[in-house]
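Trainee: Input query.csv, format and content: CSV, C-alpha atoms and all ligand atoms.
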```csv
chain,number,residue,atom,x,y,z
A,3,MET,CA,45.3,58.7,38.8
A,4,GLY,CA,41.9,59.5,40.2
A,5,ASP,CA,39.7,57.3,42.4
A,6,GLY,CA,36.7,57.8,40.1
A,7,THR,CA,34.9,60.2,42.5
A,8,ARG,CA,37.2,63.1,42.3
A,9,SER,CA,37.3,65.6,39.5
A,10,LEU,CA,40.7,67.1,38.7
A,11,PRO,CA,41.6,70.5,37.3
A,12,VAL,CA,43.0,70.3,33.8
A,13,THR,CA,46.2,72.3,34.4
A,14,LEU,CA,48.3,71.4,31.3
A,15,ARG,CA,47.9,70.8,27.6
A,16,VAL,CA,50.5,68.7,25.8
A,17,PRO,CA,50.2,68.7,22.0
A,18,ALA,CA,52.5,66.3,20.0
A,19,GLY,CA,55.8,68.0,19.2
A,20,ASP,CA,56.0,70.1,22.4
A,21,PRO,CA,58.7,69.4,25.0
A,22,PRO,CA,57.3,67.3,27.9
A,23,GLY,CA,56.6,69.9,30.7
A,24,GLU,CA,55.6,68.9,34.2
A,25,LEU,CA,52.3,68.0,35.7
A,26,ALA,CA,51.5,69.6,39.1
A,27,PRO,CA,50.3,67.2,41.8
A,28,GLY,CA,46.6,66.9,41.9
A,29,GLY,CA,46.1,68.1,38.4
A,30,ALA,CA,45.5,66.4,35.0
A,31,ALA,CA,46.9,67.1,31.6
A,32,ARG,CA,45.1,66.9,28.2
A,33,ILE,CA,47.6,65.0,26.1
A,34,PHE,CA,47.5,64.1,22.4
A,35,THR,CA,48.7,60.9,20.7
A,36,GLY,CA,52.4,61.2,20.0
A,37,ALA,CA,53.1,63.8,22.7
A,38,PRO,CA,55.7,63.2,25.4
A,39,VAL,CA,54.4,62.3,28.9
A,40,PRO,CA,54.9,65.1,31.3
A,41,ALA,CA,57.0,64.6,34.4
A,42,GLY,CA,54.7,63.7,37.3
A,43,ALA,CA,52.3,61.6,35.2
A,44,ASP,CA,52.4,57.8,35.0
A,45,THR,CA,49.2,56.9,33.2
A,46,VAL,CA,47.3,58.1,30.2
A,47,LEU,CA,43.5,57.5,30.0
A,48,MET,CA,41.5,57.7,26.9
A,49,GLN,CA,39.2,60.7,26.8
A,50,GLU,CA,36.3,58.5,25.9
A,51,ASP,CA,36.6,56.9,29.4
A,52,CYS,CA,36.6,60.3,31.2
A,53,GLU,CA,33.9,62.9,32.0
A,54,PHE,CA,34.7,66.5,31.3
A,55,GLY,CA,33.4,69.5,33.3
A,56,ASP,CA,34.3,73.2,32.9
A,57,GLY,CA,38.1,73.0,33.1
A,58,THR,CA,38.0,69.7,35.0
A,59,VAL,CA,38.0,66.0,34.2
A,60,THR,CA,36.7,63.1,36.2
A,61,PRO,CA,38.7,59.9,35.5
A,62,PRO,CA,37.2,56.5,35.6
A,63,PRO,CA,37.5,54.4,38.8
A,64,ALA,CA,41.1,53.5,39.5
A,65,THR,CA,40.3,49.8,39.0
A,66,GLN,CA,39.8,50.5,35.3
A,67,ALA,CA,43.2,52.0,34.9
A,68,ARG,CA,46.7,50.3,34.9
A,69,PRO,CA,49.8,52.5,35.7
A,70,GLY,CA,51.7,53.0,32.5
A,71,GLN,CA,48.8,52.3,30.2
A,72,ASN,CA,48.7,54.0,26.8
A,73,ILE,CA,52.4,55.1,27.3
A,74,ARG,CA,55.1,53.9,25.0
A,75,PRO,CA,58.2,53.7,27.1
A,76,ALA,CA,61.4,55.3,25.8
A,77,GLY,CA,63.7,52.6,24.4
A,78,GLN,CA,60.9,50.3,23.5
A,79,ASP,CA,62.2,49.8,20.0
A,80,ALA,CA,66.0,50.5,20.5
A,81,ARG,CA,68.1,51.6,23.5
A,82,GLN,CA,71.1,53.8,23.3
A,83,GLY,CA,74.1,51.7,22.3
A,84,ASP,CA,71.9,48.9,20.7
A,85,THR,CA,72.8,47.6,17.2
A,86,VAL,CA,69.7,48.2,15.2
A,87,LEU,CA,71.0,46.9,11.9
A,88,ALA,CA,73.7,44.3,12.1
A,89,ALA,CA,76.4,44.1,9.3
A,90,GLY,CA,75.1,41.9,6.5
A,91,THR,CA,71.5,43.1,6.8
A,92,ARG,CA,70.0,43.8,3.5
A,93,VAL,CA,68.9,47.5,3.2
A,94,SER,CA,65.2,46.9,2.7
A,95,ALA,CA,62.5,49.6,3.0
A,96,ARG,CA,61.9,48.2,6.5
A,97,ALA,CA,65.6,48.7,7.4
A,98,ILE,CA,65.6,52.2,6.0
A,99,GLY,CA,62.6,53.0,8.1
A,100,LEU,CA,64.3,51.6,11.3
A,101,ALA,CA,67.5,53.6,10.6
A,102,ALA,CA,65.4,56.8,10.1
A,103,SER,CA,63.6,56.1,13.4
A,104,VAL,CA,66.9,56.4,15.3
A,105,GLY,CA,67.8,59.6,13.4
A,106,VAL,CA,70.3,58.0,10.9
A,107,SER,CA,70.1,59.6,7.5
A,108,GLU,CA,73.1,57.8,5.9
A,109,LEU,CA,74.1,54.2,5.9
A,110,ALA,CA,77.5,52.7,4.8
A,111,VAL,CA,76.6,50.0,2.3
A,112,ARG,CA,78.4,47.4,0.2
A,113,ARG,CA,77.0,47.6,-3.2
A,114,PRO,CA,78.7,45.0,-5.4
A,115,ARG,CA,79.5,46.1,-9.0
A,116,VAL,CA,78.5,43.3,-11.3
A,117,VAL,CA,79.3,42.9,-15.0
A,118,VAL,CA,76.8,40.9,-17.0
A,119,LEU,CA,78.1,39.4,-20.3
A,120,SER,CA,75.8,37.9,-23.0
A,121,SER,CA,77.8,35.9,-25.5
A,122,GLY,CA,76.8,34.7,-28.9
A,123,ASP,CA,76.9,35.9,-32.5
A,124,GLU,CA,73.2,34.9,-32.8
A,125,LEU,CA,72.1,37.6,-30.3
A,126,LEU,CA,70.2,40.7,-31.3
A,127,PRO,CA,69.3,43.4,-28.8
A,128,PRO,CA,65.5,43.5,-28.1
A,129,GLY,CA,64.0,46.3,-30.2
A,130,ALA,CA,66.2,45.6,-33.2
A,131,PRO,CA,64.4,44.2,-36.4
A,132,PRO,CA,64.4,40.4,-36.5
A,133,ALA,CA,66.9,38.8,-38.8
A,134,PRO,CA,67.5,35.3,-40.2
A,135,GLY,CA,69.7,33.1,-37.9
A,136,LYS,CA,69.3,35.6,-35.0
A,137,ILE,CA,67.5,35.5,-31.7
A,138,TYR,CA,66.9,38.2,-29.2
A,139,ASN,CA,69.2,38.5,-26.2
A,140,SER,CA,66.9,37.6,-23.4
A,141,ASN,CA,69.6,36.6,-20.9
A,142,GLY,CA,71.1,40.0,-20.7
A,143,PRO,CA,67.9,41.7,-19.6
A,144,LEU,CA,67.0,38.7,-17.5
A,145,MET,CA,70.3,38.7,-15.6
A,146,GLU,CA,70.2,42.5,-15.1
A,147,SER,CA,66.6,42.3,-13.8
A,148,LEU,CA,67.3,39.3,-11.5
A,149,LEU,CA,70.2,41.3,-10.0
A,150,ALA,CA,68.0,44.4,-9.5
A,151,ASP,CA,65.1,42.4,-8.1
A,152,SER,CA,67.4,40.8,-5.5
A,153,GLY,CA,69.1,44.1,-4.4
A,154,PHE,CA,72.0,44.5,-6.8
A,155,PRO,CA,71.3,47.4,-9.1
A,156,ASP,CA,74.9,48.3,-9.9
A,157,VAL,CA,75.2,46.3,-13.2
A,158,THR,CA,77.0,46.9,-16.4
A,159,ALA,CA,75.7,44.7,-19.3
A,160,LEU,CA,78.0,43.9,-22.3
A,161,TRP,CA,77.7,41.7,-25.4
A,162,LEU,CA,80.5,39.4,-26.5
A,163,PRO,CA,80.8,37.9,-30.0
A,164,ASP,CA,81.8,34.3,-30.6
A,165,ASP,CA,85.4,35.3,-31.1
A,166,ARG,CA,88.4,34.3,-28.9
A,167,ALA,CA,90.4,37.5,-29.5
A,168,ARG,CA,87.5,39.8,-28.9
A,169,THR,CA,86.4,37.9,-25.8
A,170,ARG,CA,90.0,38.1,-24.4
A,171,GLU,CA,90.1,41.8,-25.2
A,172,ALA,CA,86.7,42.4,-23.5
A,173,LEU,CA,87.8,40.6,-20.3
A,174,ASP,CA,91.2,42.4,-20.2
A,175,GLN,CA,89.3,45.7,-20.5
A,176,LEU,CA,86.9,45.0,-17.7
A,177,LEU,CA,89.8,43.7,-15.5
A,178,ALA,CA,91.5,47.2,-15.8
A,179,ASP,CA,88.8,48.3,-13.3
A,180,PRO,CA,87.8,45.0,-11.7
A,181,PRO,CA,84.2,44.6,-10.7
A,182,ASP,CA,83.1,42.5,-7.7
A,183,LEU,CA,81.6,39.8,-9.9
A,184,VAL,CA,81.3,38.8,-13.5
A,185,MET,CA,78.3,36.8,-14.6
A,186,ALA,CA,78.2,35.5,-18.2
A,187,SER,CA,75.7,33.6,-20.2
A,188,GLY,CA,76.5,31.1,-23.0
A,189,GLY,CA,79.8,29.9,-24.3
A,190,VAL,CA,80.6,27.5,-21.6
A,191,SER,CA,79.6,24.2,-23.2
A,192,VAL,CA,81.7,22.0,-25.4
A,193,GLY,CA,81.2,23.8,-28.8
A,194,GLU,CA,84.1,25.2,-30.9
A,195,GLU,CA,82.5,28.6,-30.6
A,196,ASP,CA,82.3,28.4,-26.8
A,197,HIS,CA,85.2,30.8,-26.0
A,198,LEU,CA,84.4,32.1,-22.5
A,199,ARG,CA,85.7,29.1,-20.5
A,200,ALA,CA,88.9,29.0,-22.6
A,201,VAL,CA,89.6,32.7,-22.0
A,202,LEU,CA,88.8,32.3,-18.3
A,203,GLU,CA,91.5,29.6,-18.2
A,204,GLU,CA,94.0,32.0,-19.9
A,205,ARG,CA,93.1,35.1,-17.9
A,206,GLY,CA,92.5,33.5,-14.5
A,207,GLU,CA,91.6,30.1,-13.2
A,208,LEU,CA,88.8,27.6,-13.7
A,209,ASP,CA,87.7,26.3,-10.3
A,210,PHE,CA,85.1,23.9,-11.7
A,211,TRP,CA,83.1,23.2,-14.7
A,212,ARG,CA,79.8,21.2,-14.9
A,213,LEU,CA,77.3,20.4,-12.2
A,214,ALA,CA,74.8,17.6,-12.0
A,215,ILE,CA,71.8,20.0,-12.2
A,216,LYS,CA,69.1,20.3,-14.8
A,217,PRO,CA,69.0,22.9,-16.3
A,218,GLY,CA,72.5,24.2,-15.8
A,219,LYS,CA,74.9,21.3,-16.6
A,220,PRO,CA,77.8,23.3,-18.1
A,221,PHE,CA,77.8,25.8,-15.2
A,222,THR,CA,81.3,27.2,-14.8
A,223,PHE,CA,83.0,28.9,-11.9
A,224,GLY,CA,86.4,30.5,-11.8
A,225,ARG,CA,88.4,33.6,-10.9
A,226,LEU,CA,89.6,36.3,-13.2
A,227,GLY,CA,92.8,38.3,-13.2
A,228,ASP,CA,95.2,39.1,-10.4
A,229,ALA,CA,92.2,40.5,-8.4
A,230,GLY,CA,90.6,37.0,-8.5
A,231,VAL,CA,87.2,38.4,-9.6
A,232,PRO,CA,84.6,35.7,-9.2
A,233,PHE,CA,83.4,34.5,-12.6
A,234,PHE,CA,80.1,32.7,-13.0
A,235,GLY,CA,79.7,31.2,-16.4
A,236,LEU,CA,76.0,30.4,-16.8
A,237,PRO,CA,74.8,28.2,-19.6
A,238,GLY,CA,73.2,30.0,-22.5
A,239,ASN,CA,69.7,28.5,-22.2
A,240,PRO,CA,67.5,31.1,-20.5
A,241,SER,CA,65.9,28.8,-17.9
A,242,ALA,CA,69.4,27.6,-17.0
A,243,VAL,CA,70.3,31.3,-16.4
A,244,LEU,CA,67.3,31.7,-14.1
A,245,VAL,CA,68.0,28.5,-12.1
A,246,CYS,CA,71.8,29.1,-11.8
A,247,TYR,CA,71.3,32.7,-10.7
A,248,LEU,CA,68.7,31.9,-8.0
A,249,MET,CA,70.5,28.7,-6.7
A,250,LEU,CA,74.2,29.6,-7.2
A,251,VAL,CA,75.0,33.2,-7.9
A,252,LEU,CA,72.5,34.9,-5.5
A,253,PRO,CA,73.4,32.7,-2.5
A,254,TYR,CA,77.1,33.4,-3.3
A,255,LEU,CA,76.5,37.2,-3.4
A,256,ARG,CA,74.5,37.0,-0.1
A,257,ARG,CA,77.2,34.9,1.6
A,258,CYS,CA,79.9,37.5,0.5
A,259,LEU,CA,77.8,40.3,2.1
A,260,GLY,CA,77.4,38.4,5.3
A,261,GLY,CA,73.7,37.9,4.9
A,262,GLU,CA,72.3,34.6,6.3
A,263,PRO,CA,70.5,32.5,5.4
A,264,VAL,CA,71.5,32.5,1.8
A,265,LEU,CA,68.5,30.4,0.7
A,266,PRO,CA,65.0,30.4,2.1
A,267,ALA,CA,63.7,27.3,3.7
A,268,PRO,CA,61.9,25.2,1.1
A,269,GLN,CA,58.2,24.3,1.5
A,270,ARG,CA,57.5,20.6,1.3
A,271,LEU,CA,54.4,20.2,-1.0
A,272,PRO,CA,52.8,17.3,-2.7
A,273,ALA,CA,53.4,17.2,-6.5
A,274,GLU,CA,50.5,16.4,-8.8
A,275,PHE,CA,53.0,14.8,-11.2
A,276,ALA,CA,55.3,11.8,-11.1
A,277,VAL,CA,59.1,12.3,-11.2
A,278,LYS,CA,61.3,10.0,-13.3
A,279,PRO,CA,64.7,9.3,-11.7
A,280,GLY,CA,67.6,11.1,-13.5
A,281,PRO,CA,71.3,11.6,-13.1
A,282,ARG,CA,71.0,15.4,-12.4
A,283,GLN,CA,69.2,17.3,-9.6
A,284,GLU,CA,66.2,18.8,-11.5
A,285,TYR,CA,64.7,22.2,-11.0
A,286,LEU,CA,61.2,22.1,-12.3
A,287,ARG,CA,59.1,25.2,-13.2
A,288,VAL,CA,55.9,24.7,-11.1
A,289,ARG,CA,53.1,26.6,-9.5
A,290,ARG,CA,51.2,26.1,-6.4
A,291,VAL,CA,47.5,25.4,-6.9
A,292,SER,CA,44.7,24.7,-4.5
A,293,ARG,CA,43.0,21.3,-4.9
A,294,ASP,CA,40.2,20.6,-2.4
A,295,GLY,CA,41.5,23.2,-0.1
A,296,ALA,CA,45.1,21.9,0.0
A,297,LEU,CA,48.1,23.3,-1.9
A,298,VAL,CA,49.8,21.0,-4.4
A,299,LEU,CA,52.4,21.6,-7.1
A,300,GLU,CA,51.5,21.7,-10.8
A,301,LYS,CA,54.3,21.3,-13.3
A,302,HIS,CA,54.5,23.2,-16.6
A,303,PRO,CA,54.1,20.6,-19.4
A,304,ASN,CA,57.2,22.0,-21.2
A,305,GLN,CA,60.4,22.1,-19.1
A,306,SER,CA,62.7,22.9,-22.1
A,307,SER,CA,65.6,25.0,-20.8
A,308,GLY,CA,65.4,27.1,-23.9
A,309,MET,CA,62.0,28.7,-23.0
A,310,LEU,CA,61.0,31.3,-20.5
A,311,SER,CA,57.2,31.3,-21.0
A,312,SER,CA,57.1,28.4,-18.6
A,313,ALA,CA,59.1,30.5,-16.1
A,314,VAL,CA,56.6,33.3,-16.3
A,315,TRP,CA,53.7,30.8,-15.9
A,316,ALA,CA,55.4,29.3,-12.9
A,317,ASP,CA,55.6,30.8,-9.4
A,318,GLY,CA,58.5,28.8,-8.2
A,319,LEU,CA,60.9,25.9,-8.6
A,320,ALA,CA,60.4,22.3,-7.3
A,321,VAL,CA,63.6,20.3,-6.7
A,322,ALA,CA,63.7,16.6,-7.8
A,323,PRO,CA,66.8,15.0,-6.2
A,324,VAL,CA,69.4,13.0,-8.2
A,325,ASP,CA,68.3,9.4,-9.0
A,326,HIS,CA,65.0,10.1,-7.4
A,327,GLY,CA,61.8,8.8,-8.8
A,328,GLN,CA,58.4,9.2,-7.2
A,329,ALA,CA,54.7,8.7,-7.9
A,330,ALA,CA,52.2,11.5,-8.2
A,331,GLY,CA,51.1,12.8,-4.8
A,332,GLU,CA,54.4,12.5,-3.1
A,333,PRO,CA,56.1,15.7,-1.8
A,334,LEU,CA,58.9,17.8,-3.2
A,335,ASP,CA,60.9,20.8,-1.9
A,336,TYR,CA,59.4,24.0,-3.4
A,337,TYR,CA,60.9,27.5,-3.5
A,338,SER,CA,58.7,30.4,-4.6
A,339,PHE,CA,60.4,33.0,-6.8
A,340,ALA,CA,59.2,35.6,-4.3
A,341,ASP,CA,61.0,33.9,-1.4
A,342,LEU,CA,64.1,33.3,-3.5
A,343,LEU,CA,64.4,36.9,-4.5
A,344,ALA,CA,63.3,38.4,-1.2
B,1,LIG,N1,77.7,18.5,-27.3
B,1,LIG,C1,77.1,19.0,-26.3
B,1,LIG,N2,76.3,20.0,-26.5
B,1,LIG,C2,75.6,20.6,-25.5
B,1,LIG,C3,75.8,20.1,-24.2
B,1,LIG,C4,76.6,19.0,-23.9
B,1,LIG,O1,76.8,18.5,-22.8
B,1,LIG,N3,77.3,18.5,-25.0
B,1,LIG,N4,75.1,20.7,-23.1
B,1,LIG,C5,73.8,21.3,-23.5
B,1,LIG,C6,73.3,22.1,-22.4
B,1,LIG,S1,72.7,21.2,-21.1
B,1,LIG,C7,73.3,23.4,-22.4
B,1,LIG,S2,72.6,24.3,-21.1
B,1,LIG,C8,73.9,24.2,-23.5
B,1,LIG,C9,74.7,25.4,-22.9
B,1,LIG,O2,75.7,25.8,-23.8
B,1,LIG,P1,76.4,27.1,-23.6
B,1,LIG,O3,76.5,27.6,-22.2
B,1,LIG,O4,77.7,27.0,-24.3
B,1,LIG,O5,75.5,28.2,-24.3
B,1,LIG,P2,75.3,28.5,-25.9
B,1,LIG,O6,75.6,27.3,-26.7
B,1,LIG,O7,76.0,29.7,-26.1
B,1,LIG,O8,73.7,28.7,-25.9
B,1,LIG,C10,72.8,27.7,-25.6
B,1,LIG,C11,71.4,28.1,-26.1
B,1,LIG,O9,71.0,29.3,-25.5
B,1,LIG,C12,70.8,30.4,-26.4
B,1,LIG,N5,71.3,31.6,-25.9
B,1,LIG,C13,72.6,31.9,-25.6
B,1,LIG,N6,72.7,33.2,-25.1
B,1,LIG,C14,71.5,33.6,-25.1
B,1,LIG,C15,70.9,34.9,-24.7
B,1,LIG,N7,71.7,35.9,-24.2
B,1,LIG,N8,69.6,35.1,-24.8
B,1,LIG,C16,68.8,34.1,-25.3
B,1,LIG,N9,69.2,32.9,-25.7
B,1,LIG,C17,70.6,32.7,-25.6
B,1,LIG,C18,71.7,30.0,-27.6
B,1,LIG,O10,71.2,30.6,-28.8
B,1,LIG,C19,71.5,28.5,-27.6
B,1,LIG,O11,70.3,28.1,-28.2
B,1,LIG,O12,74.7,23.4,-24.3
B,1,LIG,C20,74.0,22.3,-24.7
B,1,LIG,N10,74.8,21.6,-25.7
B,2,LIG,O1,71.6,23.2,-18.6
B,2,LIG,MO1,71.1,22.7,-20.0
B,2,LIG,O2,70.1,24.0,-19.8
B,2,LIG,O3,70.7,21.4,-18.8
B,2,LIG,O4,69.7,22.3,-20.9
```
Transcribe the structure of this file into structure tokens.
Ligand SMILES: Nc1nc2c(c(=O)[nH]1)N[C@H]1C(S)=C(S)[C@@H](COP(=O)(O)OP(=O)(O)OC[C@H]3O[C@@H](n4cnc5c(N)ncnc54)[C@H](O)[C@@H]3O)O[C@H]1N2
Ligand code: MOO

Mentor:
Amino acid sequence: MGDGTRSLPVTLRVPAGDPPGELAPGGAARIFTGAPVPAGADTVLMQEDCEFGDGTVTPPPATQARPGQNIRPAGQDARQGDTVLAAGTRVSARAIGLAASVGVSELAVRRPRVVVLSSGDELLPPGAPPAPGKIYNSNGPLMESLLADSGFPDVTALWLPDDRARTREALDQLLADPPDLVMASGGVSVGEEDHLRAVLEERGELDFWRLAIKPGKPFTFGRLGDAGVPFFGLPGNPSAVLVCYLMLVLPYLRRCLGGEPVLPAPQRLPAEFAVKPGPRQEYLRVRRVSRDGALVLEKHPNQSSGMLSSAVWADGLAVAPVDHGQAAGEPLDYYSFADLLA
């Protein structure tokens, strides 16, 4: 470093990409952003702060320079032997960037294979002409897309009719090459045509049936076949599928993969609406709105579990605890869809 009065000969030029080289004592190097610091140099000054002569440079007074400035030390991001991505880390774009920065071009990943089942004789595939008594299968595409949005793209989607023998056959077929998880919608309530839960009991075991949540009451969990493939039986109502996936299936998948936390921390926000006490924990489709500069929760007026337009209108879920009533203005836990899927 100069003392501000002495001009130094520029003896070296170090473009980015060149090997470091060595700076002779008493000399200065012209160096470019991204270039390695030559041996013998300990400080980089910005050219704007220097004066240039014919092959010489006059640095600013030493008081304006700090040794090491403008140098990124080797090992600043990661040192040899450091774990840069711990097991259980989701392979995000950020993680891929970090792996690439340490020269890693391939990562060993666990990518669960999920089978999505949509059950019901009333279901038509979207795109088919409408027909009396039929509705479009929204849960299949919803489940597939929720899985893809949360990092699980390896999905096989199947349709099951309301038929015990064919349901049995389909489960046997998929157990010939067991996936990591089966997620079904519909057929888990108490109707005579609800066969999935019955076949689960034949072909595996039912761990539990029914939860005190709204929507999602007939939620079913069990294990299929000798492999004990986890089976999530989601109720057929589309908003129940959305809530049960975000609050039950996705946390389970994350826990299996070692990713913590499995749920984001909720935000506590005042609700603009009153809550009536009820026997089930309720997941309300809400959105955050700004009122007089403060964020509050607005509830969609129609919370029917059969509809999805309210889920598209909403930007998240507010949770009303069991047997809990409150007046408008009191706070509730809120999870944004973006946080839940991140
Ligand atoms: N007697 C009782 N009936 C019902 C009860 C109950 O406790 N006792 N619970 C109700 C609740 S809560 C729910 S949720 C539903 C769930 O029943 P299932 O899981 O057996 O579902 P399904 O009956 O097959 O379907 C319910 C509803 O959702 C429609 N659906 C089904 N699959 C799809 C799909 N892939 N895409 C779009 N919509 C779908 C289906 O047509 C029904 O309207 O049970 C209540 N009944
Ligand atoms: O789960 Mo049901 O969706 O409570 O209506």

Trainee: Using only C-alpha atoms and all ligand atoms, find each residue with an atom at most 6 Å away from ligand LIG 1 (chain B) and format the answer as a list in words.

Mentor: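 Here is the list of contacting residues: Ser120, Ser121, Gly122, Tyr138, Asn139, Ser140, Asn141, Gly142, Ser187, Gly188, Gly189, Val190, Ser191, Val192, Asp196, Gly218, Lys219, Pro237, Gly238, Asn239 and Pro240 of chain A.
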
Trainee: So how many Å separate atom CA of A:Arg287 and atom CA of A:Ala316, to one decimal?

Mentor: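 Straight-line distance from atom CA of A:Arg287 to atom CA of A:Ala316 works out to 5.5 Å.
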
Trainee: Leaving out A:Gly36 and any residue of its chain fewer than 2 positions from it, which residues lie within 9 Å of it when counting all atoms listed in the file, given as a list of chain:residue names?

Mentor: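 Using all atoms listed in the file, the neighbours found are A:Pro17, A:Ala18, A:Gly19, A:Ile33, A:Phe34, A:Pro38.
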
Trainee: Looking at A:Ala200, A:Leu144, A:Leu149, A:Val157, which one is nearest to A:Ala242, with distances taken over only C-alpha atoms?

Mentor: A:Leu144

Trainee: List as a ChimeraX atom specification the protein and nucleic acid residues near A:Pro134, meaning an atom at most 12 Å away when all atoms listed in the file are counted, but skip any in the same chain fewer than 5 places from it.

Mentor: /A:124-126

Trainee: In Å, with one decimal, what is the gap from atom CA of A:Gly90 to atom CA of A:Asp182?

Mentor: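 Between these atoms lies a distance of 16.3 Å.
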
Trainee: What is the distance between atom CA of A:Arg115 and atom CA of A:Asp156, in Å to one decimal?

Mentor: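 About the pair atom CA of A:Arg115 and atom CA of A:Asp156: they are 5.2 Å apart.
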
Trainee: With all atoms listed in the file as the basis for distance, which of A:Ala133, A:Val118, A:Leu286, A:Ala296 is at the shortest distance from ligand LIG 2 (chain B)?

Mentor: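 For ligand LIG 2 (chain B), the nearest of the candidates is A:Leu286.
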
Trainee: Using all atoms listed in the file, which of A:Gly227, A:Gly129, A:Gly331, A:Pro217 sits nearest A:Val245?

Mentor: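 Of the candidates, the smallest distance to A:Val245 is held by A:Pro217.
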
Trainee: Could you check which of A:Pro220, A:Pro114, A:Pro266, A:Gly230 is closest to ligand LIG 2 (chain B), using all atoms listed in the file?

Mentor: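 For ligand LIG 2 (chain B), the nearest of the given residues is A:Pro220.
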
Trainee: From the set A:Val288, A:Val93, A:Pro127, A:Glu332, which residue has the shortest atom-to-atom contact distance to A:Glu108, counting all atoms listed in the file?

Mentor: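 Between A:Val288, A:Val93, A:Pro127, A:Glu332, the residue approaching A:Glu108 most closely is A:Val93.
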
Trainee: When you look at A:Val39 with a cut-off of 9 Å (counting all atoms listed in the file), what residues show up, excluding the ones that are within fewer than 5 positions of it in the same chain? I need them as a compact mmCIF listing (two decimals) with C-alpha atoms, in the coordinates of the input.

Mentor:
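Output below, filename result_7.txt:
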```txt
# COMPACT_ATOMS: atom_id res chain seq x y z
CA VAL A 16 50.50 68.70 25.80
CA PRO A 22 57.30 67.30 27.90
CA GLY A 23 56.60 69.90 30.70
CA GLU A 24 55.60 68.90 34.20
CA ILE A 33 47.60 65.00 26.10
CA ASP A 44 52.40 57.80 35.00
CA THR A 45 49.20 56.90 33.20
CA VAL A 46 47.30 58.10 30.20
CA ILE A 73 52.40 55.10 27.30
```

Trainee: My structure is short of atoms at stretch 24-37 of chain A; please model N, CA and C atoms there, returning them as a compact mmCIF listing (two decimals), in the frame of the given file.

Mentor:
```txt
# COMPACT_ATOMS: atom_id res chain seq x y z
N GLU A 24 55.73 69.63 32.93
CA GLU A 24 55.60 68.90 34.20
C GLU A 24 54.16 69.09 34.71
N LEU A 25 53.62 68.01 35.23
CA LEU A 25 52.30 68.00 35.70
C LEU A 25 52.27 68.27 37.24
N ALA A 26 51.56 69.31 37.64
CA ALA A 26 51.50 69.60 39.10
C ALA A 26 50.71 68.57 39.82
N PRO A 27 51.08 68.25 41.07
CA PRO A 27 50.30 67.20 41.80
C PRO A 27 48.87 67.65 41.93
N GLY A 28 48.00 66.68 41.80
CA GLY A 28 46.60 66.90 41.90
C GLY A 28 45.92 67.44 40.67
N GLY A 29 46.69 67.58 39.60
CA GLY A 29 46.10 68.10 38.40
C GLY A 29 46.10 66.99 37.30
N ALA A 30 45.48 67.31 36.18
CA ALA A 30 45.50 66.40 35.00
C ALA A 30 45.89 67.18 33.79
N ALA A 31 46.43 66.49 32.83
CA ALA A 31 46.90 67.10 31.60
C ALA A 31 46.04 66.57 30.43
N ARG A 32 45.69 67.43 29.51
CA ARG A 32 45.10 66.90 28.20
C ARG A 32 46.29 66.64 27.33
N ILE A 33 46.39 65.39 26.90
CA ILE A 33 47.60 65.00 26.10
C ILE A 33 47.10 64.35 24.81
N PHE A 34 47.88 64.53 23.77
CA PHE A 34 47.50 64.10 22.40
C PHE A 34 48.43 62.91 22.00
N THR A 35 47.90 62.05 21.16
CA THR A 35 48.70 60.90 20.70
C THR A 35 50.01 61.42 20.06
N GLY A 36 51.13 60.84 20.51
CA GLY A 36 52.40 61.20 20.00
C GLY A 36 53.12 62.27 20.82
N ALA A 37 52.43 62.79 21.86
CA ALA A 37 53.10 63.80 22.70
C ALA A 37 53.85 63.14 23.83
```
